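The file final_15.cif comes next; it holds mmCIF, C-alpha atoms.
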data_model
loop_
_atom_site.group_PDB
_atom_site.id
_atom_site.type_symbol
_atom_site.label_atom_id
_atom_site.label_comp_id
_atom_site.auth_asym_id
_atom_site.auth_seq_id
_atom_site.Cartn_x
_atom_site.Cartn_y
_atom_site.Cartn_z
ATOM 1 C CA MET A 1 34.392 -171.726 157.142
ATOM 2 C CA HIS A 2 33.714 -172.788 160.743
ATOM 3 C CA GLN A 3 31.344 -169.844 161.220
ATOM 4 C CA ARG A 4 29.351 -170.804 158.084
ATOM 5 C CA LEU A 5 29.146 -174.398 159.318
ATOM 6 C CA PHE A 6 27.876 -173.180 162.685
ATOM 7 C CA VAL A 7 25.110 -171.086 161.092
ATOM 8 C CA PHE A 8 24.084 -173.953 158.799
ATOM 9 C CA LEU A 9 23.866 -176.480 161.621
ATOM 10 C CA SER A 10 22.003 -174.106 163.929
ATOM 11 C CA THR A 11 19.375 -173.635 161.202
ATOM 12 C CA CYS A 12 19.029 -177.382 160.710
ATOM 13 C CA LEU A 13 18.659 -177.927 164.417
ATOM 14 C CA SER A 14 15.494 -175.824 164.470
ATOM 15 C CA LEU A 15 13.629 -178.516 162.519
ATOM 16 C CA SER A 16 11.193 -180.740 164.419
ATOM 17 C CA LEU A 17 11.057 -178.308 167.335
ATOM 18 C CA THR A 18 7.964 -178.766 169.485
ATOM 19 C CA SER A 19 6.420 -176.392 171.967
ATOM 20 C CA CYS A 20 6.518 -176.874 175.709
ATOM 21 C CA VAL A 21 3.630 -177.269 178.107
ATOM 22 C CA VAL A 22 4.698 -176.758 181.715
ATOM 23 C CA TYR A 23 7.783 -178.952 181.953
ATOM 24 C CA MET A 24 10.561 -177.070 180.191
ATOM 25 C CA PRO A 25 13.757 -179.122 179.859
ATOM 26 C CA MET A 26 17.003 -177.258 180.322
ATOM 27 C CA GLN A 27 19.791 -178.117 177.923
ATOM 28 C CA CYS A 28 22.549 -180.392 179.163
ATOM 29 C CA ALA A 29 25.614 -178.740 180.670
ATOM 30 C CA ALA A 30 28.624 -180.515 179.061
ATOM 31 C CA PRO A 31 31.093 -177.806 180.173
ATOM 32 C CA GLN A 32 34.304 -177.366 178.198
ATOM 33 C CA ILE A 33 36.540 -177.258 181.282
ATOM 34 C CA THR A 34 39.747 -179.286 181.218
ATOM 35 C CA ASP A 35 41.781 -178.231 184.276
ATOM 36 C CA LYS A 36 41.652 -176.628 187.725
ATOM 37 C CA LYS A 37 41.083 -172.863 188.093
ATOM 38 C CA GLN A 38 39.165 -172.779 184.804
ATOM 39 C CA GLY A 39 35.735 -171.193 184.527
ATOM 40 C CA GLU A 40 32.994 -171.037 181.911
ATOM 41 C CA LEU A 41 30.142 -168.511 181.599
ATOM 42 C CA THR A 42 27.419 -169.363 179.076
ATOM 43 C CA LEU A 43 24.346 -167.691 177.607
ATOM 44 C CA SER A 44 21.990 -169.747 175.430
ATOM 45 C CA THR A 45 18.717 -168.898 173.717
ATOM 46 C CA TYR A 46 15.939 -171.259 172.630
ATOM 47 C CA LEU A 47 13.872 -170.703 169.514
ATOM 48 C CA ASN A 48 10.779 -169.962 171.629
ATOM 49 C CA GLY A 49 12.540 -167.023 173.302
ATOM 50 C CA ARG A 50 13.647 -168.758 176.495
ATOM 51 C CA ALA A 51 17.158 -167.994 177.744
ATOM 52 C CA ASP A 52 19.602 -169.897 179.973
ATOM 53 C CA ILE A 53 22.578 -168.466 181.821
ATOM 54 C CA ALA A 54 25.088 -170.679 183.621
ATOM 55 C CA GLY A 55 28.433 -170.589 185.342
ATOM 56 C CA THR A 56 30.805 -173.510 185.877
ATOM 57 C CA TYR A 57 34.103 -173.593 187.775
ATOM 58 C CA SER A 58 36.773 -176.146 188.658
ATOM 59 C CA PRO A 59 38.364 -175.255 192.027
ATOM 60 C CA VAL A 60 40.580 -178.357 192.079
ATOM 61 C CA PRO A 61 41.485 -180.969 189.437
ATOM 62 C CA HIS A 62 38.567 -183.090 188.193
ATOM 63 C CA LEU A 63 35.923 -181.256 190.277
ATOM 64 C CA LEU A 64 33.115 -179.135 188.784
ATOM 65 C CA VAL A 65 30.620 -176.836 190.497
ATOM 66 C CA ARG A 66 27.838 -175.316 188.408
ATOM 67 C CA ALA A 67 24.734 -173.128 188.688
ATOM 68 C CA ALA A 68 22.206 -172.367 185.921
ATOM 69 C CA TYR A 69 19.063 -170.250 185.569
ATOM 70 C CA SER A 70 16.425 -170.317 182.816
ATOM 71 C CA ASN A 71 13.576 -167.901 182.089
ATOM 72 C CA LEU A 72 10.739 -167.711 179.569
ATOM 73 C CA ARG A 73 8.357 -164.751 179.569
ATOM 74 C CA ASP A 74 5.456 -164.941 177.121
ATOM 75 C CA ASP A 75 2.515 -162.837 178.280
ATOM 76 C CA PRO A 76 -0.710 -163.205 176.286
ATOM 77 C CA LYS A 77 -1.285 -160.534 173.670
ATOM 78 C CA PRO A 78 -4.687 -158.871 173.163
ATOM 79 C CA LYS A 79 -7.211 -161.445 171.922
ATOM 80 C CA ASP A 80 -4.560 -164.162 172.346
ATOM 81 C CA SER A 81 -5.415 -166.796 174.960
ATOM 82 C CA THR A 82 -2.272 -168.907 174.453
ATOM 83 C CA TYR A 83 0.850 -168.373 176.527
ATOM 84 C CA TYR A 84 3.840 -170.194 178.027
ATOM 85 C CA ARG A 85 5.999 -168.772 180.778
ATOM 86 C CA GLY A 86 8.215 -169.966 183.581
ATOM 87 C CA HIS A 87 11.560 -169.842 185.325
ATOM 88 C CA GLN A 88 13.819 -172.394 186.980
ATOM 89 C CA TYR A 89 17.274 -172.991 188.357
ATOM 90 C CA ASP A 90 19.557 -175.907 189.031
ATOM 91 C CA VAL A 91 22.847 -176.445 190.843
ATOM 92 C CA SER A 92 25.199 -179.374 190.413
ATOM 93 C CA VAL A 93 28.607 -180.857 191.109
ATOM 94 C CA GLY A 94 30.561 -183.168 188.874
ATOM 95 C CA THR A 95 33.830 -184.383 187.456
ATOM 96 C CA TYR A 96 35.739 -184.260 184.165
ATOM 97 C CA TRP A 97 38.607 -186.236 182.645
ATOM 98 C CA ARG A 98 40.727 -185.743 179.548
ATOM 99 C CA LEU A 99 41.368 -188.847 177.461
ATOM 100 C CA GLY A 100 44.359 -187.999 175.337
ATOM 101 C CA ASN A 101 44.481 -184.727 173.435
ATOM 102 C CA GLN A 102 41.088 -184.976 171.746
ATOM 103 C CA TRP A 103 38.528 -186.412 174.144
ATOM 104 C CA LEU A 104 36.920 -184.820 177.196
ATOM 105 C CA VAL A 105 34.393 -186.788 179.268
ATOM 106 C CA GLY A 106 32.543 -185.934 182.441
ATOM 107 C CA ALA A 107 29.476 -186.331 184.625
ATOM 108 C CA LEU A 108 27.334 -184.123 186.860
ATOM 109 C CA GLY A 109 24.510 -184.546 189.332
ATOM 110 C CA GLY A 110 22.305 -181.950 190.958
ATOM 111 C CA PHE A 111 18.894 -180.601 191.839
ATOM 112 C CA GLY A 112 16.693 -177.624 191.073
ATOM 113 C CA GLN A 113 13.257 -176.018 191.261
ATOM 114 C CA ALA A 114 10.880 -174.544 188.698
ATOM 115 C CA GLN A 115 7.648 -172.587 188.393
ATOM 116 C CA SER A 116 5.749 -172.396 185.104
ATOM 117 C CA ALA A 117 2.355 -171.831 183.526
ATOM 118 C CA ALA A 118 0.779 -172.593 180.163
ATOM 119 C CA ALA A 119 -2.598 -171.883 178.575
ATOM 120 C CA TYR A 120 -3.985 -173.068 175.254
ATOM 121 C CA THR A 121 -7.173 -174.382 173.634
ATOM 122 C CA ARG A 122 -7.304 -177.709 171.840
ATOM 123 C CA THR A 123 -9.939 -177.790 169.137
ATOM 124 C CA GLY A 124 -12.448 -180.610 169.033
ATOM 125 C CA PHE A 125 -12.444 -183.369 166.423
ATOM 126 C CA ILE A 126 -14.771 -182.231 163.595
ATOM 127 C CA PHE A 127 -17.877 -181.283 165.627
ATOM 128 C CA GLY A 128 -16.427 -181.741 169.096
ATOM 129 C CA SER A 129 -16.224 -178.857 171.523
ATOM 130 C CA PRO A 130 -12.815 -177.207 172.055
ATOM 131 C CA THR A 131 -11.070 -177.979 175.345
ATOM 132 C CA ARG A 132 -9.383 -175.246 177.344
ATOM 133 C CA TYR A 133 -6.221 -175.901 179.399
ATOM 134 C CA GLU A 134 -4.654 -173.528 181.899
ATOM 135 C CA PHE A 135 -1.831 -175.258 183.747
ATOM 136 C CA ASP A 136 -0.037 -173.804 186.719
ATOM 137 C CA THR A 137 2.774 -175.736 188.352
ATOM 138 C CA ARG A 138 5.745 -175.791 190.652
ATOM 139 C CA TYR A 139 8.121 -178.730 190.768
ATOM 140 C CA ASN A 140 11.408 -179.959 192.182
ATOM 141 C CA LYS A 141 13.879 -181.909 190.088
ATOM 142 C CA VAL A 142 16.969 -184.041 190.567
ATOM 143 C CA PHE A 143 19.154 -185.085 187.651
ATOM 144 C CA GLY A 144 22.279 -186.886 186.553
ATOM 145 C CA GLU A 145 24.233 -186.239 183.360
ATOM 146 C CA VAL A 146 27.135 -187.732 181.405
ATOM 147 C CA TYR A 147 28.838 -186.081 178.438
ATOM 148 C CA GLY A 148 31.675 -186.418 175.966
ATOM 149 C CA THR A 149 33.372 -183.972 173.579
ATOM 150 C CA LEU A 150 35.638 -184.726 170.617
ATOM 151 C CA ARG A 151 37.991 -181.933 169.548
ATOM 152 C CA ALA A 152 38.338 -182.174 165.765
ATOM 153 C CA THR A 153 40.600 -179.116 165.435
ATOM 154 C CA ASP A 154 41.686 -176.234 167.657
ATOM 155 C CA ALA A 155 38.512 -174.425 166.546
ATOM 156 C CA LEU A 156 35.920 -177.157 166.013
ATOM 157 C CA SER A 157 34.506 -179.794 168.352
ATOM 158 C CA PHE A 158 31.496 -182.110 168.495
ATOM 159 C CA GLY A 159 29.837 -183.834 171.385
ATOM 160 C CA ALA A 160 26.857 -185.476 173.021
ATOM 161 C CA ALA A 161 25.336 -185.516 176.485
ATOM 162 C CA TYR A 162 22.640 -187.533 178.197
ATOM 163 C CA ARG A 163 20.618 -186.400 181.212
ATOM 164 C CA VAL A 164 17.997 -188.209 183.301
ATOM 165 C CA THR A 165 15.697 -185.880 185.245
ATOM 166 C CA GLN A 166 13.258 -186.872 187.981
ATOM 167 C CA VAL A 167 10.416 -184.322 188.144
ATOM 168 C CA ASN A 168 8.353 -184.121 191.351
ATOM 169 C CA TYR A 169 5.344 -181.795 191.277
ATOM 170 C CA THR A 170 4.652 -179.856 194.456
ATOM 171 C CA HIS A 171 1.776 -177.953 192.824
ATOM 172 C CA LEU A 172 -0.049 -178.822 189.594
ATOM 173 C CA THR A 173 -3.470 -177.515 188.581
ATOM 174 C CA ASN A 174 -5.538 -177.136 185.430
ATOM 175 C CA LEU A 175 -8.139 -174.344 185.524
ATOM 176 C CA GLY A 176 -7.578 -174.244 189.278
ATOM 177 C CA ALA A 177 -8.340 -177.957 189.832
ATOM 178 C CA PRO A 178 -5.616 -180.417 190.924
ATOM 179 C CA VAL A 179 -4.175 -182.697 188.243
ATOM 180 C CA ASP A 180 -3.562 -186.361 189.072
ATOM 181 C CA LEU A 181 0.160 -186.451 188.293
ATOM 182 C CA SER A 182 2.751 -186.453 191.063
ATOM 183 C CA GLY A 183 5.870 -186.720 188.910
ATOM 184 C CA MET A 184 7.681 -188.310 185.985
ATOM 185 C CA THR A 185 11.167 -189.354 184.922
ATOM 186 C CA ARG A 186 12.560 -187.840 181.719
ATOM 187 C CA SER A 187 15.191 -189.121 179.279
ATOM 188 C CA GLU A 188 17.074 -186.159 177.759
ATOM 189 C CA PRO A 189 19.800 -186.684 175.127
ATOM 190 C CA MET A 190 21.524 -183.747 173.422
ATOM 191 C CA VAL A 191 24.074 -183.335 170.608
ATOM 192 C CA PHE A 192 26.096 -180.202 169.918
ATOM 193 C CA VAL A 193 28.721 -178.577 167.729
ATOM 194 C CA ARG A 194 31.099 -175.901 169.032
ATOM 195 C CA VAL A 195 33.314 -173.332 167.352
ATOM 196 C CA ARG A 196 36.122 -171.772 169.390
ATOM 197 C CA LEU A 197 36.916 -168.229 168.216
ATOM 198 C CA GLY A 198 40.383 -166.724 168.161
ATOM 199 C CA ASN A 199 43.865 -167.877 167.235
ATOM 200 C CA GLY A 200 46.319 -170.349 168.681
ATOM 201 C CA PRO A 201 45.665 -173.465 170.775
ATOM 202 C CA THR A 202 42.128 -174.229 171.941
ATOM 203 C CA GLU A 203 42.940 -173.461 175.575
ATOM 204 C CA ASP A 204 43.972 -169.884 174.644
ATOM 205 C CA ARG A 205 40.723 -169.017 172.838
ATOM 206 C CA PRO A 206 38.374 -167.126 175.184
ATOM 207 C CA VAL A 207 35.071 -167.292 173.257
ATOM 208 C CA GLN A 208 33.072 -170.268 172.028
ATOM 209 C CA LEU A 209 29.852 -170.580 169.984
ATOM 210 C CA GLN A 210 27.537 -173.564 170.319
ATOM 211 C CA ALA A 211 24.533 -174.956 168.449
ATOM 212 C CA ALA A 212 22.668 -177.784 170.187
ATOM 213 C CA TRP A 213 19.626 -179.955 169.684
ATOM 214 C CA GLY A 214 17.971 -182.097 172.311
ATOM 215 C CA THR A 215 14.824 -183.978 173.239
ATOM 216 C CA SER A 216 13.025 -184.868 176.448
ATOM 217 C CA ALA A 217 10.761 -187.921 176.741
ATOM 218 C CA THR A 218 8.936 -189.516 179.656
ATOM 219 C CA PHE A 219 10.109 -193.026 180.528
ATOM 220 C CA GLY A 220 7.315 -195.528 179.922
ATOM 221 C CA TYR A 221 5.168 -193.207 177.805
ATOM 222 C CA ASN A 222 4.398 -194.028 174.172
ATOM 223 C CA GLU A 223 2.984 -191.089 172.221
ATOM 224 C CA LYS A 224 1.761 -193.408 169.442
ATOM 225 C CA ASP A 225 -0.245 -195.550 171.874
ATOM 226 C CA PRO A 226 -1.251 -193.436 174.909
ATOM 227 C CA ASN A 227 -3.537 -194.801 177.570
ATOM 228 C CA PRO A 228 -7.055 -193.939 176.335
ATOM 229 C CA ASN A 229 -8.320 -193.787 179.910
ATOM 230 C CA SER A 230 -5.860 -191.117 181.021
ATOM 231 C CA ASP A 231 -6.693 -187.430 181.232
ATOM 232 C CA PRO A 232 -5.777 -185.686 177.937
ATOM 233 C CA GLY A 233 -4.135 -182.957 179.999
ATOM 234 C CA VAL A 234 -1.890 -185.516 181.699
ATOM 235 C CA ARG A 235 -0.979 -186.954 178.301
ATOM 236 C CA ASP A 236 0.024 -183.462 177.172
ATOM 237 C CA LEU A 237 2.238 -183.066 180.233
ATOM 238 C CA LYS A 238 4.029 -186.345 179.478
ATOM 239 C CA GLN A 239 4.589 -185.780 175.766
ATOM 240 C CA ASN A 240 8.002 -185.547 174.169
ATOM 241 C CA ARG A 241 9.600 -182.126 173.917
ATOM 242 C CA GLY A 242 12.291 -180.977 171.533
ATOM 243 C CA TYR A 243 14.505 -177.919 171.703
ATOM 244 C CA ALA A 244 17.202 -176.164 169.736
ATOM 245 C CA THR A 245 19.591 -173.610 171.217
ATOM 246 C CA ILE A 246 22.271 -171.235 170.070
ATOM 247 C CA GLY A 247 24.737 -170.060 172.689
ATOM 248 C CA ILE A 248 27.964 -168.309 173.503
ATOM 249 C CA ALA A 249 30.500 -169.166 176.183
ATOM 250 C CA VAL A 250 33.259 -167.032 177.660
ATOM 251 C CA PHE A 251 36.257 -168.494 179.507
ATOM 252 C CA PRO A 252 37.509 -165.874 182.007
ATOM 253 C CA HIS A 253 40.741 -167.717 182.723
ATOM 254 C CA CYS A 254 41.779 -167.148 179.092
ATOM 255 C CA LEU A 255 41.058 -163.437 179.338
ATOM 256 C CA PHE A 256 42.925 -163.042 182.620
ATOM 257 C CA ARG A 257 45.894 -164.995 181.334
ATOM 258 C CA LYS A 258 46.103 -162.826 178.217
ATOM 259 C CA ALA A 259 45.738 -159.672 180.299
ATOM 260 C CA GLN A 260 48.756 -160.402 182.496
ATOM 261 C CA PRO A 261 51.461 -157.717 182.063
ATOM 262 C CA LEU A 262 54.876 -158.580 180.738
ATOM 263 C CA PRO A 263 57.759 -158.804 183.256
ATOM 264 C CA ALA A 264 59.334 -155.435 183.959
ATOM 265 C CA GLY A 265 62.567 -156.415 182.209
ATOM 266 C CA ASN A 266 60.685 -157.016 178.949
ATOM 267 C CA VAL A 267 58.840 -153.709 178.842
ATOM 268 C CA ARG A 268 60.142 -151.346 176.199
#
Would you mind writing the file out in structure tokens?
Amino acid sequence: MHQRLFVFLSTCLSLSLTSCVVYMPMQCAAPQITDKKQGELTLSTYLNGRADIAGTYSPVPHLLVRAAYSNLRDDPKPKDSTYYRGHQYDVSVGTYWRLGNQWLVGALGGFGQAQSAAAYTRTGFIFGSPTRYEFDTRYNKVFGEVYGTLRATDALSFGAAYRVTQVNYTHLTNLGAPVDLSGMTRSEPMVFVRVRLGNGPTEDRPVQLQAAWGTSATFGYNEKDPNPNSDPGVRDLKQNRGYATIGIAVFPHCLFRKAQPLPAGNVR
């Protein structure tokens, strides 16, 4: 039943997905780590083909260290002048706290770098001429995130996370010409549902599936009433972005604990 629910929700989460330009938001972390010496390895895919890999570890109680990498490769096909591609990484440190047996809350902060490119043509209005965009960019980012997870059963949990990302462009051009945009601050909420596979208590289940949906919007930018005097390319860069992901997580500490041999006196 949990697997059918996961598939249903992951399909629903694909609705309202929008394409990226050059800023490609990474999904929030919200690691499912509850104690020291626990680790989490995750692989997530976006509906546009982008993939994230991440590793999180707690060396001591209430401390998290994390690294993540994301890549999208979309080379133009013959006679196709539209493409999106890029890669980025981020590293962060944070904390986590259990509130009773059902709630897990935490926070992280970190930084990262990205390089991306996008090309597309926007058609003119009725008789207007089409406009060609070819963005190339590199940017640094710093971010802070808070998250919370509610464990409904040993197998099923729900949660939400909220990230604020400050984007600072170190290189940004359109058709080789500089674009007048030095940076922006993004608001990035995410909700998710998780299914823990296996038997027994949650902490003994080594594999977890996740479906997530999130958005990224520029603080101070209103898509319904953009500044008519601004460059249309800049407006595109500031627009809201949505994403849906499906992922899998592995918890090595569960595997190692299950792999421990029985004491010699118990071997038959």
Just so the selection is clear, what residues does the PyMOL selection byres ((chain A and resi 120) around 9) cover here, as a compact mmCIF listing (two decimals) with C-alpha atoms, keeping the file's coordinate frame?
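Wrote out09.txt, looks like this:
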# COMPACT_ATOMS: atom_id res chain seq x y z
CA SER A 81 -5.42 -166.80 174.96
CA THR A 82 -2.27 -168.91 174.45
CA TYR A 83 0.85 -168.37 176.53
CA TYR A 84 3.84 -170.19 178.03
CA ALA A 118 0.78 -172.59 180.16
CA ALA A 119 -2.60 -171.88 178.58
CA THR A 121 -7.17 -174.38 173.63
CA ARG A 122 -7.30 -177.71 171.84
CA THR A 131 -11.07 -177.98 175.34
CA ARG A 132 -9.38 -175.25 177.34
CA TYR A 133 -6.22 -175.90 179.40
CA GLU A 134 -4.65 -173.53 181.90
List the neighbours of A:Gly55 out to 6 Å using only C-alpha atoms; skip same-chain residues closer than 5 positions along the sequence, and give me the result as a PyMOL selection string. chain A and resi 40-41+66-67
Which residues would end up in the selection if the PyMOL selection byres ((chain A and resi 97-113) around 9) were applied here, given that I need the answer as JSON, numbers by chain? {"A": [29, 30, 31, 32, 33, 34, 35, 62, 64, 65, 66, 87, 88, 89, 90, 91, 92, 93, 94, 95, 96, 114, 115, 138, 139, 140, 141, 142, 143, 144, 145, 146, 147, 148, 149, 150, 151, 152, 153]}
Using all atoms listed in the file: which of A:Leu175, A:Val22, A:Leu43, A:Leu72 has the shortest distance to A:Ile246: A:Leu43
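Between atom CA of A:Cys254 and atom CA of A:Lys37 the interatomic distance comes to 10.7 Å.
Reported to one decimal place, the separation of atom CA of A:Val191 from atom CA of A:Gln166 is 20.8 Å.
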Please write a file for stretch 245-255 of chain A, taken from the block I just shared, that holds all heavy atoms and is laid out as a PDB file, in the first residue's frame.
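Output below, filename result17.pdb:
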ATOM      1  N   THR A 245      10.951  15.705  -7.770  1.00  0.00           N
ATOM      2  CA  THR A 245      12.021  14.708  -7.739  1.00  0.00           C
ATOM      3  C   THR A 245      11.510  13.388  -7.178  1.00  0.00           C
ATOM      4  O   THR A 245      10.568  13.347  -6.393  1.00  0.00           O
ATOM      5  CB  THR A 245      13.220  15.165  -6.881  1.00  0.00           C
ATOM      6  OG1 THR A 245      12.816  15.245  -5.505  1.00  0.00           O
ATOM      7  CG2 THR A 245      13.752  16.507  -7.337  1.00  0.00           C
ATOM      8  N   ILE A 246      12.163  12.336  -7.616  1.00  0.00           N
ATOM      9  CA  ILE A 246      11.974  11.013  -7.045  1.00  0.00           C
ATOM     10  C   ILE A 246      13.353  10.508  -6.661  1.00  0.00           C
ATOM     11  O   ILE A 246      14.301  10.610  -7.457  1.00  0.00           O
ATOM     12  CB  ILE A 246      11.310  10.057  -8.046  1.00  0.00           C
ATOM     13  CG1 ILE A 246       9.921  10.561  -8.425  1.00  0.00           C
ATOM     14  CG2 ILE A 246      11.204   8.644  -7.470  1.00  0.00           C
ATOM     15  CD1 ILE A 246       9.246   9.748  -9.498  1.00  0.00           C
ATOM     16  N   GLY A 247      13.503  10.005  -5.440  1.00  0.00           N
ATOM     17  CA  GLY A 247      14.834   9.632  -4.987  1.00  0.00           C
ATOM     18  C   GLY A 247      14.853   8.388  -4.121  1.00  0.00           C
ATOM     19  O   GLY A 247      13.814   7.886  -3.674  1.00  0.00           O
ATOM     20  N   ILE A 248      16.062   7.919  -3.904  1.00  0.00           N
ATOM     21  CA  ILE A 248      16.299   6.766  -3.042  1.00  0.00           C
ATOM     22  C   ILE A 248      17.439   7.108  -2.097  1.00  0.00           C
ATOM     23  O   ILE A 248      18.388   7.793  -2.482  1.00  0.00           O
ATOM     24  CB  ILE A 248      16.621   5.501  -3.872  1.00  0.00           C
ATOM     25  CG1 ILE A 248      16.753   4.280  -2.964  1.00  0.00           C
ATOM     26  CG2 ILE A 248      17.860   5.706  -4.735  1.00  0.00           C
ATOM     27  CD1 ILE A 248      16.855   2.970  -3.722  1.00  0.00           C
ATOM     28  N   ALA A 249      17.314   6.667  -0.871  1.00  0.00           N
ATOM     29  CA  ALA A 249      18.354   6.880   0.137  1.00  0.00           C
ATOM     30  C   ALA A 249      18.756   5.543   0.736  1.00  0.00           C
ATOM     31  O   ALA A 249      17.909   4.662   0.940  1.00  0.00           O
ATOM     32  CB  ALA A 249      17.870   7.825   1.238  1.00  0.00           C
ATOM     33  N   VAL A 250      20.043   5.409   1.007  1.00  0.00           N
ATOM     34  CA  VAL A 250      20.584   4.224   1.662  1.00  0.00           C
ATOM     35  C   VAL A 250      21.263   4.679   2.946  1.00  0.00           C
ATOM     36  O   VAL A 250      21.987   5.687   2.962  1.00  0.00           O
ATOM     37  CB  VAL A 250      21.584   3.483   0.752  1.00  0.00           C
ATOM     38  CG1 VAL A 250      22.198   2.298   1.481  1.00  0.00           C
ATOM     39  CG2 VAL A 250      20.900   3.027  -0.528  1.00  0.00           C
ATOM     40  N   PHE A 251      21.047   3.915   4.024  1.00  0.00           N
ATOM     41  CA  PHE A 251      21.627   4.239   5.329  1.00  0.00           C
ATOM     42  C   PHE A 251      22.670   3.176   5.668  1.00  0.00           C
ATOM     43  O   PHE A 251      22.317   2.080   6.141  1.00  0.00           O
ATOM     44  CB  PHE A 251      20.534   4.291   6.394  1.00  0.00           C
ATOM     45  CG  PHE A 251      19.459   5.300   6.093  1.00  0.00           C
ATOM     46  CD1 PHE A 251      18.328   4.932   5.377  1.00  0.00           C
ATOM     47  CD2 PHE A 251      19.586   6.617   6.501  1.00  0.00           C
ATOM     48  CE1 PHE A 251      17.331   5.853   5.081  1.00  0.00           C
ATOM     49  CE2 PHE A 251      18.595   7.554   6.211  1.00  0.00           C
ATOM     50  CZ  PHE A 251      17.471   7.168   5.495  1.00  0.00           C
ATOM     51  N   PRO A 252      23.954   3.454   5.422  1.00  0.00           N
ATOM     52  CA  PRO A 252      24.995   2.434   5.615  1.00  0.00           C
ATOM     53  C   PRO A 252      25.068   1.885   7.025  1.00  0.00           C
ATOM     54  O   PRO A 252      25.399   0.709   7.210  1.00  0.00           O
ATOM     55  CB  PRO A 252      26.286   3.185   5.238  1.00  0.00           C
ATOM     56  CG  PRO A 252      25.837   4.290   4.340  1.00  0.00           C
ATOM     57  CD  PRO A 252      24.498   4.701   4.853  1.00  0.00           C
ATOM     58  N   HIS A 253      24.752   2.701   8.019  1.00  0.00           N
ATOM     59  CA  HIS A 253      24.852   2.209   9.395  1.00  0.00           C
ATOM     60  C   HIS A 253      23.880   1.063   9.642  1.00  0.00           C
ATOM     61  O   HIS A 253      24.156   0.172  10.449  1.00  0.00           O
ATOM     62  CB  HIS A 253      24.602   3.355  10.392  1.00  0.00           C
ATOM     63  CG  HIS A 253      23.284   4.034  10.224  1.00  0.00           C
ATOM     64  ND1 HIS A 253      23.078   5.042   9.305  1.00  0.00           N
ATOM     65  CD2 HIS A 253      22.091   3.865  10.852  1.00  0.00           C
ATOM     66  CE1 HIS A 253      21.822   5.463   9.388  1.00  0.00           C
ATOM     67  NE2 HIS A 253      21.205   4.753  10.314  1.00  0.00           N
ATOM     68  N   CYS A 254      22.733   1.066   8.945  1.00  0.00           N
ATOM     69  CA  CYS A 254      21.797  -0.060   9.067  1.00  0.00           C
ATOM     70  C   CYS A 254      22.377  -1.322   8.442  1.00  0.00           C
ATOM     71  O   CYS A 254      22.254  -2.425   8.997  1.00  0.00           O
ATOM     72  CB  CYS A 254      20.471   0.287   8.392  1.00  0.00           C
ATOM     73  SG  CYS A 254      19.549   1.624   9.171  1.00  0.00           S
ATOM     74  N   LEU A 255      23.008  -1.170   7.298  1.00  0.00           N
ATOM     75  CA  LEU A 255      23.592  -2.329   6.619  1.00  0.00           C
ATOM     76  C   LEU A 255      24.725  -2.921   7.437  1.00  0.00           C
ATOM     77  O   LEU A 255      24.832  -4.144   7.589  1.00  0.00           O
ATOM     78  CB  LEU A 255      24.101  -1.915   5.233  1.00  0.00           C
ATOM     79  CG  LEU A 255      23.038  -1.408   4.254  1.00  0.00           C
ATOM     80  CD1 LEU A 255      23.712  -0.878   2.996  1.00  0.00           C
ATOM     81  CD2 LEU A 255      22.058  -2.512   3.913  1.00  0.00           C
TER      82      LEU A 255
END
